[in-house]
Every structure is written in C-alpha cells, then in structure tokens.
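Structure file upload_11.pdb with PDB, C-alpha atoms:
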```
ATOM      1  CA  MET D   1      39.696  48.284 -18.338
ATOM      2  CA  PHE D   2      36.752  48.993 -16.054
ATOM      3  CA  MET D   3      34.496  47.170 -18.474
ATOM      4  CA  ILE D   4      36.743  44.093 -18.429
ATOM      5  CA  LEU D   5      36.906  44.107 -14.605
ATOM      6  CA  ALA D   6      33.156  44.560 -14.305
ATOM      7  CA  SER D   7      32.367  41.728 -16.693
ATOM      8  CA  THR D   8      34.895  39.449 -14.908
ATOM      9  CA  ASN D   9      33.200  40.192 -11.583
ATOM     10  CA  ILE D  10      29.778  39.485 -13.047
ATOM     11  CA  ALA D  11      31.044  36.219 -14.528
ATOM     12  CA  ASN D  12      32.570  35.218 -11.172
ATOM     13  CA  ALA D  13      29.373  36.131  -9.373
ATOM     14  CA  ILE D  14      27.313  34.075 -11.791
ATOM     15  CA  ASN D  15      29.728  31.141 -11.499
ATOM     16  CA  ASN D  16      29.834  31.323  -7.700
ATOM     17  CA  LYS D  17      26.078  31.460  -7.570
ATOM     18  CA  SER D  18      25.746  28.486  -9.836
ATOM     19  CA  ILE D  19      28.413  26.575  -7.859
ATOM     20  CA  GLU D  20      26.558  27.450  -4.670
ATOM     21  CA  SER D  21      23.222  26.305  -6.040
ATOM     22  CA  GLU D  22      24.820  23.164  -7.462
ATOM     23  CA  LEU D  23      26.287  22.410  -4.025
ATOM     24  CA  LYS D  24      22.925  22.997  -2.401
ATOM     25  CA  LYS D  25      21.288  20.753  -4.975
ATOM     26  CA  GLN D  26      23.865  18.038  -4.300
ATOM     27  CA  SER D  27      23.596  18.253  -0.523
ATOM     28  CA  CYS D  28      19.804  18.273  -0.735
ATOM     29  CA  PHE D  29      19.946  15.196  -2.966
ATOM     30  CA  ASP D  30      22.276  13.408  -0.521
ATOM     31  CA  TRP D  31      20.063  14.390   2.408
ATOM     32  CA  ALA D  32      16.916  13.159   0.631
ATOM     33  CA  ARG D  33      18.640   9.936  -0.385
ATOM     34  CA  SER D  34      19.774   9.248   3.188
ATOM     35  CA  ILE D  35      16.211   9.659   4.468
ATOM     36  CA  VAL D  36      14.787   7.258   1.897
ATOM     37  CA  ILE D  37      17.573   4.747   2.645
ATOM     38  CA  ALA D  38      16.811   5.018   6.391
ATOM     39  CA  MET D  39      13.206   4.164   5.601
ATOM     40  CA  ASP D  40      13.492   1.605   2.792
ATOM     41  CA  GLY D  41      17.042   0.311   3.187
ATOM     42  CA  GLU D  42      17.882   0.969  -0.483
ATOM     43  CA  ILE D  43      17.023   3.116  -3.482
ATOM     44  CA  ASN D  44      14.867   1.393  -6.056
ATOM     45  CA  LEU D  45      12.377   2.228  -8.783
ATOM     46  CA  ASP D  46       9.587   2.355  -6.219
ATOM     47  CA  ASN D  47      11.168   5.116  -4.125
ATOM     48  CA  VAL D  48      13.254   7.153  -6.564
ATOM     49  CA  SER D  49      10.415   9.677  -6.938
ATOM     50  CA  ALA D  50      10.424  10.094  -3.137
ATOM     51  CA  VAL D  51      14.128  11.067  -3.358
ATOM     52  CA  ASN D  52      13.341  13.618  -6.074
ATOM     53  CA  TYR D  53      10.397  14.964  -4.081
ATOM     54  CA  LEU D  54      12.403  15.390  -0.848
ATOM     55  CA  THR D  55      15.274  16.979  -2.825
ATOM     56  CA  ALA D  56      12.855  19.553  -4.245
ATOM     57  CA  VAL D  57      11.373  20.217  -0.786
ATOM     58  CA  CYS D  58      14.884  20.733   0.643
ATOM     59  CA  GLU D  59      15.938  23.075  -2.186
ATOM     60  CA  ASN D  60      12.934  25.308  -1.721
TER      61      ASN D  60
ATOM     62  CA  MET L   1     -46.483 -29.102  18.547
ATOM     63  CA  SER L   2     -43.575 -29.376  20.967
ATOM     64  CA  VAL L   3     -40.730 -26.838  21.279
ATOM     65  CA  SER L   4     -38.175 -29.495  20.395
ATOM     66  CA  TYR L   5     -40.107 -30.303  17.191
ATOM     67  CA  ILE L   6     -40.055 -26.581  16.212
ATOM     68  CA  ARG L   7     -36.299 -26.420  16.926
ATOM     69  CA  TYR L   8     -35.788 -29.564  14.857
ATOM     70  CA  SER L   9     -37.774 -28.058  11.971
ATOM     71  CA  ILE L  10     -35.774 -24.805  12.062
ATOM     72  CA  LEU L  11     -32.516 -26.755  12.044
ATOM     73  CA  LYS L  12     -33.769 -28.772   9.065
ATOM     74  CA  VAL L  13     -34.611 -25.575   7.133
ATOM     75  CA  VAL L  14     -31.187 -24.050   7.924
ATOM     76  CA  LEU L  15     -29.370 -27.210   6.834
ATOM     77  CA  CYS L  16     -31.485 -27.284   3.689
ATOM     78  CA  LEU L  17     -30.587 -23.652   2.912
ATOM     79  CA  PHE L  18     -26.916 -24.463   3.411
ATOM     80  CA  SER L  19     -27.113 -27.484   1.122
ATOM     81  CA  LEU L  20     -28.775 -25.349  -1.559
ATOM     82  CA  GLY L  21     -26.032 -22.783  -1.207
ATOM     83  CA  ILE L  22     -28.517 -20.094  -0.174
ATOM     84  CA  VAL L  23     -26.859 -19.145   3.109
ATOM     85  CA  PRO L  24     -23.396 -18.718   1.573
ATOM     86  CA  ASN L  25     -25.123 -16.586  -1.071
ATOM     87  CA  LEU L  26     -26.099 -14.136   1.645
ATOM     88  CA  TYR L  27     -22.371 -13.348   1.918
ATOM     89  CA  ALA L  28     -22.223 -12.883  -1.837
ATOM     90  CA  GLN L  29     -24.876 -10.211  -1.604
ATOM     91  CA  THR L  30     -23.441  -8.548   1.478
ATOM     92  CA  THR L  31     -20.892  -5.866   0.807
ATOM     93  CA  TYR L  32     -18.377  -4.900   3.463
ATOM     94  CA  LYS L  33     -16.470  -1.691   3.908
ATOM     95  CA  VAL L  34     -13.233  -2.546   5.684
ATOM     96  CA  THR L  35     -10.884   0.111   7.016
ATOM     97  CA  TYR L  36      -7.236  -0.812   7.500
ATOM     98  CA  HIS L  37      -4.453   1.253   9.038
ATOM     99  CA  ILE L  38      -0.686   1.084   9.358
ATOM    100  CA  SER L  39      -0.447  -0.259  12.910
ATOM    101  CA  GLU L  40       3.327  -0.657  12.933
ATOM    102  CA  PRO L  41       5.622   1.182  10.533
ATOM    103  CA  LYS L  42       9.078  -0.425  10.258
ATOM    104  CA  LEU L  43      12.353   1.185   9.198
ATOM    105  CA  LEU L  44      14.488  -1.040   6.976
ATOM    106  CA  GLY L  45      17.524   1.234   7.248
ATOM    107  CA  SER L  46      19.193   3.081  10.080
ATOM    108  CA  LYS L  47      18.697   6.615  11.374
ATOM    109  CA  LYS L  48      22.256   6.840  12.690
ATOM    110  CA  ASP L  49      23.699   8.441   9.548
ATOM    111  CA  LEU L  50      21.027  11.147   9.419
ATOM    112  CA  ASP L  51      21.547  14.713  10.595
ATOM    113  CA  LYS L  52      19.307  16.157  13.335
ATOM    114  CA  LYS L  53      16.798  17.503  10.818
ATOM    115  CA  GLY L  54      16.680  14.167   9.009
ATOM    116  CA  LYS L  55      16.171  12.184  12.226
ATOM    117  CA  GLN L  56      13.336  14.499  13.266
ATOM    118  CA  LEU L  57      11.673  14.190   9.868
ATOM    119  CA  VAL L  58      11.851  10.373   9.894
ATOM    120  CA  GLU L  59      10.352  10.307  13.418
ATOM    121  CA  GLN L  60       7.528  12.579  12.255
ATOM    122  CA  ILE L  61       6.918  10.361   9.209
ATOM    123  CA  VAL L  62       6.715   7.254  11.454
ATOM    124  CA  ASP L  63       4.152   8.986  13.716
ATOM    125  CA  TYR L  64       2.160  10.278  10.753
ATOM    126  CA  ALA L  65       2.026   6.806   9.149
ATOM    127  CA  LYS L  66      -0.233   5.576  11.957
ATOM    128  CA  ASN L  67      -2.944   8.018  10.761
ATOM    129  CA  ILE L  68      -3.083   6.648   7.230
ATOM    130  CA  ASN L  69      -6.149   4.535   6.456
ATOM    131  CA  TYR L  70      -6.952   2.293   3.515
ATOM    132  CA  ILE L  71     -10.428   1.254   2.418
ATOM    133  CA  LEU L  72     -11.501  -2.096   0.996
ATOM    134  CA  ILE L  73     -15.012  -2.444  -0.406
ATOM    135  CA  THR L  74     -15.720  -6.110  -0.976
ATOM    136  CA  ASN L  75     -18.196  -8.921  -1.413
ATOM    137  CA  GLN L  76     -17.707 -12.514  -2.530
ATOM    138  CA  ASN L  77     -17.510 -11.597  -6.206
ATOM    139  CA  GLU L  78     -15.249  -8.562  -6.336
ATOM    140  CA  SER L  79     -13.370  -5.941  -4.318
ATOM    141  CA  TYR L  80     -11.831  -2.508  -4.635
ATOM    142  CA  PHE L  81      -8.990  -1.208  -2.470
ATOM    143  CA  GLU L  82      -7.400   2.238  -2.206
ATOM    144  CA  GLN L  83      -6.106   4.773   0.279
ATOM    145  CA  GLU L  84      -8.856   6.559   2.205
ATOM    146  CA  ASN L  85      -9.776   9.754   0.456
ATOM    147  CA  ILE L  86     -10.771  12.289   3.063
ATOM    148  CA  LEU L  87     -11.373  15.976   2.833
ATOM    149  CA  LYS L  88      -8.506  17.384   4.829
ATOM    150  CA  LYS L  89      -8.994  20.203   7.259
ATOM    151  CA  GLU L  90      -6.744  23.200   6.731
ATOM    152  CA  SER L  91      -3.550  22.217   8.469
ATOM    153  CA  ASN L  92      -1.085  24.663  10.008
ATOM    154  CA  ASN L  93       1.702  22.207   9.440
ATOM    155  CA  PRO L  94       3.512  23.051   6.169
ATOM    156  CA  LEU L  95       5.130  19.611   6.358
ATOM    157  CA  GLU L  96       1.790  17.792   6.099
ATOM    158  CA  PRO L  97       2.039  16.958   2.336
ATOM    159  CA  VAL L  98       5.635  15.749   2.835
ATOM    160  CA  LEU L  99       4.672  13.576   5.798
ATOM    161  CA  GLU L 100       1.731  12.072   3.949
ATOM    162  CA  LYS L 101       3.688  11.291   0.790
ATOM    163  CA  MET L 102       6.551   9.749   2.737
ATOM    164  CA  ALA L 103       4.376   7.881   5.280
ATOM    165  CA  LYS L 104       2.616   6.021   2.464
ATOM    166  CA  ARG L 105       5.991   4.467   1.656
ATOM    167  CA  PHE L 106       5.685   2.127   4.641
ATOM    168  CA  ALA L 107       2.812   0.149   3.117
ATOM    169  CA  SER L 108       4.037   0.792  -0.474
ATOM    170  CA  PHE L 109       0.593  -0.246  -1.675
ATOM    171  CA  HIS L 110      -0.668   0.249  -5.188
ATOM    172  CA  LYS L 111      -2.710   3.361  -5.880
ATOM    173  CA  ALA L 112      -5.780   1.127  -6.313
ATOM    174  CA  VAL L 113      -6.510  -2.577  -6.728
ATOM    175  CA  TYR L 114      -9.679  -4.069  -8.218
ATOM    176  CA  ALA L 115     -10.158  -7.834  -7.855
ATOM    177  CA  ASN L 116     -12.597 -10.086  -9.666
ATOM    178  CA  HIS L 117     -12.891 -13.127  -7.418
ATOM    179  CA  ASN L 118     -14.797 -15.146 -10.011
ATOM    180  CA  GLU L 119     -11.953 -14.850 -12.519
ATOM    181  CA  ASP L 120      -9.113 -14.798  -9.941
ATOM    182  CA  SER L 121      -7.875 -11.659 -11.677
ATOM    183  CA  ILE L 122      -6.811  -8.236 -10.470
ATOM    184  CA  ILE L 123      -6.268  -4.837 -12.052
ATOM    185  CA  PHE L 124      -3.877  -2.603 -10.158
ATOM    186  CA  ILE L 125      -2.736   0.960 -10.672
ATOM    187  CA  LYS L 126       0.879   1.520  -9.735
ATOM    188  CA  ASN L 127       2.477   4.928  -9.508
ATOM    189  CA  LEU L 128       6.104   4.837 -10.572
ATOM    190  CA  LEU L 129       8.164   7.967 -11.229
ATOM    191  CA  ASP L 130       4.991  10.034 -10.752
ATOM    192  CA  GLN L 131       3.200   8.204 -13.541
ATOM    193  CA  ASP L 132       0.293   5.758 -13.216
ATOM    194  CA  PHE L 133       0.518   2.339 -14.848
ATOM    195  CA  LYS L 134      -2.525   0.064 -15.049
ATOM    196  CA  VAL L 135      -1.912  -3.686 -15.109
ATOM    197  CA  LYS L 136      -4.279  -6.652 -15.397
ATOM    198  CA  ARG L 137      -3.034 -10.018 -14.217
ATOM    199  CA  ASN L 138      -3.997 -13.160 -12.322
ATOM    200  CA  TYR L 139      -4.003 -13.193  -8.537
ATOM    201  CA  TYR L 140      -0.528 -13.150  -7.046
ATOM    202  CA  ASN L 141       0.473 -16.640  -6.006
ATOM    203  CA  PHE L 142       1.325 -16.463  -2.313
ATOM    204  CA  ASN L 143       1.485 -20.233  -1.745
ATOM    205  CA  TRP L 144      -0.391 -19.670   1.514
ATOM    206  CA  VAL L 145       0.329 -22.186   4.253
ATOM    207  CA  LEU L 146      -2.319 -22.223   6.989
ATOM    208  CA  LYS L 147      -1.010 -22.427  10.539
ATOM    209  CA  ASP L 148      -2.660 -23.482  13.814
ATOM    210  CA  ASP L 149      -2.002 -20.137  15.541
ATOM    211  CA  ASN L 150      -5.022 -18.045  16.518
ATOM    212  CA  LYS L 151      -5.424 -14.551  17.913
ATOM    213  CA  LYS L 152      -8.229 -12.078  18.463
ATOM    214  CA  ILE L 153      -8.333  -9.051  16.166
ATOM    215  CA  MET L 154     -11.120  -6.573  16.869
ATOM    216  CA  GLY L 155     -12.977  -9.325  18.721
ATOM    217  CA  PHE L 156     -12.808 -11.727  15.764
ATOM    218  CA  ASN L 157     -10.997 -15.020  15.958
ATOM    219  CA  ALA L 158      -8.196 -14.796  13.387
ATOM    220  CA  LYS L 159      -6.040 -17.596  12.021
ATOM    221  CA  LYS L 160      -2.470 -17.315  10.786
ATOM    222  CA  ALA L 161      -1.209 -17.994   7.263
ATOM    223  CA  LEU L 162       2.282 -17.630   5.836
ATOM    224  CA  GLY L 163       3.096 -16.872   2.239
ATOM    225  CA  SER L 164       5.622 -15.326  -0.092
ATOM    226  CA  TYR L 165       5.591 -13.571  -3.446
ATOM    227  CA  ILE L 166       7.866 -11.863  -5.926
ATOM    228  CA  ASN L 167       7.687  -8.074  -5.843
ATOM    229  CA  SER L 168       7.600  -7.085  -9.515
ATOM    230  CA  VAL L 169       9.313  -3.728  -8.958
ATOM    231  CA  THR L 170      12.270  -4.875  -6.858
ATOM    232  CA  ASN L 171      12.255  -8.437  -8.255
ATOM    233  CA  LYS L 172      12.745  -9.742  -4.723
ATOM    234  CA  GLU L 173      10.963 -12.562  -2.950
ATOM    235  CA  LEU L 174       9.096 -11.154   0.024
ATOM    236  CA  LYS L 175       7.580 -13.080   2.897
ATOM    237  CA  VAL L 176       4.163 -12.168   4.262
ATOM    238  CA  GLU L 177       2.345 -13.208   7.412
ATOM    239  CA  ALA L 178      -1.432 -12.852   7.262
ATOM    240  CA  TRP L 179      -4.185 -13.226   9.844
ATOM    241  CA  PHE L 180      -7.610 -13.984   8.403
ATOM    242  CA  ILE L 181     -11.110 -14.265   9.860
ATOM    243  CA  PRO L 182     -12.711 -17.628   8.914
ATOM    244  CA  SER L 183     -16.123 -16.431  10.145
ATOM    245  CA  ILE L 184     -16.166 -13.802   7.345
ATOM    246  CA  PRO L 185     -15.830 -16.072   4.312
ATOM    247  CA  LEU L 186     -14.513 -13.499   1.840
ATOM    248  CA  GLN L 187     -11.215 -14.086   0.089
ATOM    249  CA  SER L 188     -10.352 -10.384   0.050
ATOM    250  CA  GLY L 189      -7.693  -8.376   1.816
ATOM    251  CA  PRO L 190      -5.636  -5.216   1.570
ATOM    252  CA  ASP L 191      -3.916  -4.363  -1.716
ATOM    253  CA  ILE L 192      -2.860  -7.503  -3.623
ATOM    254  CA  PHE L 193      -3.077  -9.731  -0.541
ATOM    255  CA  MET L 194      -6.019 -12.123  -0.899
ATOM    256  CA  GLY L 195      -6.963 -15.715  -1.566
ATOM    257  CA  LEU L 196      -7.401 -16.981   1.998
ATOM    258  CA  PRO L 197     -10.543 -18.710   3.328
ATOM    259  CA  GLY L 198     -11.607 -15.591   5.211
ATOM    260  CA  LEU L 199     -11.195 -11.835   5.161
ATOM    261  CA  ILE L 200      -7.601 -10.779   5.885
ATOM    262  CA  ALA L 201      -7.560  -8.841   9.162
ATOM    263  CA  GLU L 202      -3.838  -8.193   9.398
ATOM    264  CA  ILE L 203      -0.756  -8.536   7.248
ATOM    265  CA  ASN L 204       2.807  -8.309   8.412
ATOM    266  CA  LEU L 205       4.955  -6.991   5.561
ATOM    267  CA  ASN L 206       8.651  -6.145   5.561
ATOM    268  CA  LYS L 207       8.024  -2.385   6.050
ATOM    269  CA  ALA L 208       4.754  -2.338   8.006
ATOM    270  CA  VAL L 209       2.034  -4.212   9.810
ATOM    271  CA  ILE L 210      -1.392  -3.361   8.380
ATOM    272  CA  THR L 211      -4.358  -4.106  10.623
ATOM    273  CA  ILE L 212      -8.111  -3.884  10.339
ATOM    274  CA  LYS L 213      -9.601  -0.889  12.146
ATOM    275  CA  LYS L 214     -13.301  -1.061  11.303
ATOM    276  CA  ILE L 215     -15.706  -3.416   9.482
ATOM    277  CA  GLU L 216     -19.064  -2.124   8.254
ATOM    278  CA  LYS L 217     -21.689  -4.311   6.602
ATOM    279  CA  ASN L 218     -23.713  -2.502   3.966
ATOM    280  CA  THR L 219     -25.455  -4.107   1.039
ATOM    281  CA  ASN L 220     -25.895  -0.778  -0.770
ATOM    282  CA  LEU L 221     -22.210   0.010  -1.205
ATOM    283  CA  GLU L 222     -20.973   0.112  -4.774
ATOM    284  CA  ILE L 223     -17.684  -1.491  -5.697
ATOM    285  CA  ASN L 224     -15.651   0.727  -8.018
ATOM    286  CA  LYS L 225     -14.655  -0.899 -11.250
ATOM    287  CA  VAL L 226     -11.376  -0.110 -12.965
ATOM    288  CA  ASP L 227     -11.658   0.435 -16.700
ATOM    289  CA  ASP L 228      -9.734  -2.435 -18.259
ATOM    290  CA  SER L 229      -9.621  -1.073 -21.806
ATOM    291  CA  LYS L 230      -6.078   0.294 -21.622
ATOM    292  CA  VAL L 231      -4.304  -2.126 -19.349
ATOM    293  CA  MET L 232      -0.835  -3.591 -19.627
ATOM    294  CA  THR L 233      -0.209  -7.289 -19.189
ATOM    295  CA  GLN L 234       2.079  -8.424 -16.373
ATOM    296  CA  LYS L 235       4.739  -9.287 -18.983
ATOM    297  CA  GLU L 236       4.593  -5.801 -20.513
ATOM    298  CA  TYR L 237       4.804  -4.317 -17.027
ATOM    299  CA  GLU L 238       7.883  -6.386 -16.176
ATOM    300  CA  VAL L 239       9.616  -5.255 -19.397
ATOM    301  CA  LEU L 240       8.772  -1.641 -18.559
ATOM    302  CA  ILE L 241      10.190  -2.049 -15.039
ATOM    303  CA  LYS L 242      13.408  -3.525 -16.421
ATOM    304  CA  ASP L 243      13.787  -0.584 -18.818
ATOM    305  CA  LEU L 244      13.025   2.040 -16.169
ATOM    306  CA  THR L 245      15.358   0.400 -13.650
ATOM    307  CA  LYS L 246      18.178   0.402 -16.207
ATOM    308  CA  LYS L 247      17.524   4.070 -16.983
ATOM    309  CA  PHE L 248      17.008   5.464 -13.489
ATOM    310  CA  ILE L 249      18.650   3.137 -10.974
ATOM    311  CA  ASP L 250      21.518   1.088 -12.432
TER     312      ASP L 250
END
```

How would this structure read if it were set down as structure tokens?
Amino acid sequence: MFMILASTNIANAINNKSIESELKKQSCFDWARSIVIAMDGEINLDNVSAVNYLTAVCEN
Amino acid sequence: MSVSYIRYSILKVVLCLFSLGIVPNLYAQTTYKVTYHISEPKLLGSKKDLDKKGKQLVEQIVDYAKNINYILITNQNESYFEQENILKKESNNPLEPVLEKMAKRFASFHKAVYANHNEDSIIFIKNLLDQDFKVKRNYYNFNWVLKDDNKKIMGFNAKKALGSYINSVTNKELKVEAWFIPSIPLQSGPDIFMGLPGLIAEINLNKAVITIKKIEKNTNLEINKVDDSKVMTQKEYEVLIKDLTKKFID
C-alpha cells in the first residue's frame, strides 16, 4: 500500500513539474512572441529565430 | 608668362584629364571606409500589449540599436558591407547579448553583402533560423526615381531618391527613401541598397533610418571578397524560403 501511494505521489510530482515547466515554456513563448510583434509587427521567417532566442532567455 | 595664361593652361590640362577619363579613375582607385549607424529605430507594432518587463526590454533594445554600426568598404569597382566587428569590453550588463541580437532586427540587414559594380552583381549572406545562406544574384531593382529635394548630411550635399523592392523573405513590396551624395560618385550604399549616382548617405526603411556616421578615404584598404563557389541562385533561395515558411510559419 505504501509503495503504491509513494509511486502515485512521485508520478503526480513528476506530472506537476512537467505541467509547470510546460506552462512556463508556453508563457515564455507568448512573451517572446509579443516582443517580436511589438518590434516587427508580425512573425515571419526573418524573426522566428528571435522568438526562439527570447523564449530560451526567458526560460533560463 | 601671365597668371591668366597659367590658369588657362591648368584648366586645359584638367579638362583633358577628364576627357581621358583619368580624373574619374582616381575615384576608382580610392577606397572609402564608410560607417553607418541606426539613427532612428522604428517599432512596427505596439507596446501596449506588453507587460512591464516586456515594455522595459523593448525600450532598452531601441536605445541599444543607436549604438550599432555597420561598415562599408567600397571603391568604384566593388564593395563589402557588414556589421562592425569590435572587440567588446567586458560588460556588467547580462542583457547585452540579448539587446545586441534584438537591436539588429531594426535594420534587418544581411550578415554581409559583397557587390561587384562592374557586373552589377551581389553576393549576400543571410542568416535564417540560425543558419547562413549564401546567394549570388543581380543588383536589386529599386526603380530609383531622383527627386529635387536636397539636404546636408555630415556637411555633404545629399539628394533624395525614392525606390521600392520586393523583400525575398517576406515577399512584400517595400518602399525605400535614399539620400545620396553626388560629389562622391560611387554607386555603393548600405546592405543591398545601391545603384544611385553617388554614395548613399542615408536610407529610410520601414523599421529604421540608417545614416552615415563617418567617411574615411584610404587607398590601402582591402575589400573582402565572398567565396562564390558554393552559392545559391536567387531562384533556389526563393524556393528554400517558400519551403521554410511553409514548415515554420504557416
């Protein structure tokens, strides 16, 4: 019983952590995108790497 | 021998040199190092939807953009243009690399542009998705229309020209206003912008105004050549852009 409870808690913890990091990733992506749109007015092939770069900066 | 006769003789020699094309050749031999900077960054979007941190960052990027210089080395036969490569002092600002990368977006210039003015051809290096692509093509056709407007730029009399071109990456027609210096008869300018009867001193693009900051005359300067052995054609480049746009944007 203890084993089952422990493994469920670990699984929840892992899931929560991954949900949390996914949310952070998503909000960082949205934030980065909004900055590039403020500068360039749109997302295009020329600035998509700037979105990825700012997302990575925000995540770290 | 009278003074007026000597003056007349000098004038005759000068006119003779001009008619033989010797004086214009002096320009061909003279190499110029031209420094440009982003004099006016422009935002195409709005800051109103940004959070406080985002607004602050955009303001910092706009300020930082005014420190970015570009160098053109040119004579009548060829030119090479790229962002100024300076040894940076240790900065305490951890945001410095972010500001630099983002500030360059205002000009959105190619990584480097080599122009052969005898062939009317250019080779540019474009960084897309963190990868460099090298393309050889003819000059861009700007359909320049010369205007009567004049203004002084760095003490030089500059004349206005209006043009437009198709941006290969966004496939949009963009208008450009250029100010060129007829007294420096070089058809060069920043990035892909060239082909006017005088060095381009300023260009007004949709995201920035780029203006000349310094002109140095030096016959010993070497103009970098770009290796043209592994270049794409403009057609190949356009196909690549279509594919990448489909994959990453649409």

> Where does the PyMOL selection byres ((chain D) within 10 of (chain L)) land in this file, that is, which residues does it pick, as a VMD selection string?
Replying inline: chain D and resid 31 to 32 34 to 54 57

Please check which residues have atoms at most 8 Å from (-6.1, -13.0, -8.0) in the file's coordinates, counting only C-alpha atoms, and write them as a PDB file with C-alpha atoms, in the coordinates of the input.
```pdb
ATOM      1  CA  ALA L 115     -10.158  -7.834  -7.855  1.00  0.00           C
ATOM      2  CA  ASN L 116     -12.597 -10.086  -9.666  1.00  0.00           C
ATOM      3  CA  HIS L 117     -12.891 -13.127  -7.418  1.00  0.00           C
ATOM      4  CA  GLU L 119     -11.953 -14.850 -12.519  1.00  0.00           C
ATOM      5  CA  ASP L 120      -9.113 -14.798  -9.941  1.00  0.00           C
ATOM      6  CA  SER L 121      -7.875 -11.659 -11.677  1.00  0.00           C
ATOM      7  CA  ILE L 122      -6.811  -8.236 -10.470  1.00  0.00           C
ATOM      8  CA  ARG L 137      -3.034 -10.018 -14.217  1.00  0.00           C
ATOM      9  CA  ASN L 138      -3.997 -13.160 -12.322  1.00  0.00           C
ATOM     10  CA  TYR L 139      -4.003 -13.193  -8.537  1.00  0.00           C
ATOM     11  CA  TYR L 140      -0.528 -13.150  -7.046  1.00  0.00           C
ATOM     12  CA  ASN L 141       0.473 -16.640  -6.006  1.00  0.00           C
ATOM     13  CA  ILE L 192      -2.860  -7.503  -3.623  1.00  0.00           C
ATOM     14  CA  MET L 194      -6.019 -12.123  -0.899  1.00  0.00           C
ATOM     15  CA  GLY L 195      -6.963 -15.715  -1.566  1.00  0.00           C
TER      16      GLY L 195
END
```

Within 10 Å of region 226-230 of chain L: each region 79-195 of chain L residue with its shortest pair, only C-alpha atoms, as JSON lines:
```
{"residue": "L:Tyr80", "atom": "CA", "partner": "L:Val226", "partner_atom": "CA", "distance": 8.7}
{"residue": "L:Ala112", "atom": "CA", "partner": "L:Val226", "partner_atom": "CA", "distance": 8.8}
{"residue": "L:Val113", "atom": "CA", "partner": "L:Val226", "partner_atom": "CA", "distance": 8.3}
{"residue": "L:Tyr114", "atom": "CA", "partner": "L:Val226", "partner_atom": "CA", "distance": 6.4}
{"residue": "L:Ala115", "atom": "CA", "partner": "L:Val226", "partner_atom": "CA", "distance": 9.3}
{"residue": "L:Ile122", "atom": "CA", "partner": "L:Val226", "partner_atom": "CA", "distance": 9.6}
{"residue": "L:Ile123", "atom": "CA", "partner": "L:Val226", "partner_atom": "CA", "distance": 7.0}
{"residue": "L:Phe124", "atom": "CA", "partner": "L:Val226", "partner_atom": "CA", "distance": 8.4}
{"residue": "L:Ile125", "atom": "CA", "partner": "L:Val226", "partner_atom": "CA", "distance": 9.0}
{"residue": "L:Phe133", "atom": "CA", "partner": "L:Lys230", "partner_atom": "CA", "distance": 9.7}
{"residue": "L:Lys134", "atom": "CA", "partner": "L:Lys230", "partner_atom": "CA", "distance": 7.5}
{"residue": "L:Val135", "atom": "CA", "partner": "L:Asp228", "partner_atom": "CA", "distance": 8.5}
{"residue": "L:Lys136", "atom": "CA", "partner": "L:Asp228", "partner_atom": "CA", "distance": 7.5}
```

> What does the distance between CA of Ala178 (chain L) and CA of Glu238 (chain L) come to in Å, to one decimal place?
Replying inline: 26.0 Å

> So how many Å separate CA of Asn92 (chain L) and CA of Glu59 (chain D), to one decimal?
Replying inline: 21.0 Å

Please, what is the axis-aligned box for every listed atom of region 29-46 of chain L with 4 Å on each side, as centre and edge lengths in Å to one decimal, as AutoDock Vina command-line options?
```
--center_x -2.8 --center_y -3.6 --center_z 5.7 --size_x 52.1 --size_y 21.3 --size_z 22.5
```

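Between CA of Glu222 (chain L) and CA of Ser39 (chain L) there is a distance of 27.1 Å.
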
>> Could you tell me, as a list in words, exactly which residues end up selected when the PyMOL selection byres ((chain L and resi 181) around 6) is applied to this structure?
In response: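 That selection, the PyMOL selection byres ((chain L and resi 181) around 6), comes back as Ala158, Phe180, Pro182, Ser183, Ile184, Gly198 and Leu199 of chain L.
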
>> Under the rule that all atoms listed in the file are counted, which of L:Val176, L:Ile68, L:Leu196, L:Ile73 is the nearest residue to Thr30 (chain L)?
In response: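 Distance minimum relative to Thr30 (chain L) lands on L:Ile73.
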
>> Starting from the PyMOL selection byres ((chain L and resi 154) around 9), expand the selection into actual residues of this file and give them as JSON, numbers by chain.
In response: {"L": [152, 153, 155, 156, 157, 201, 212, 213, 214]}
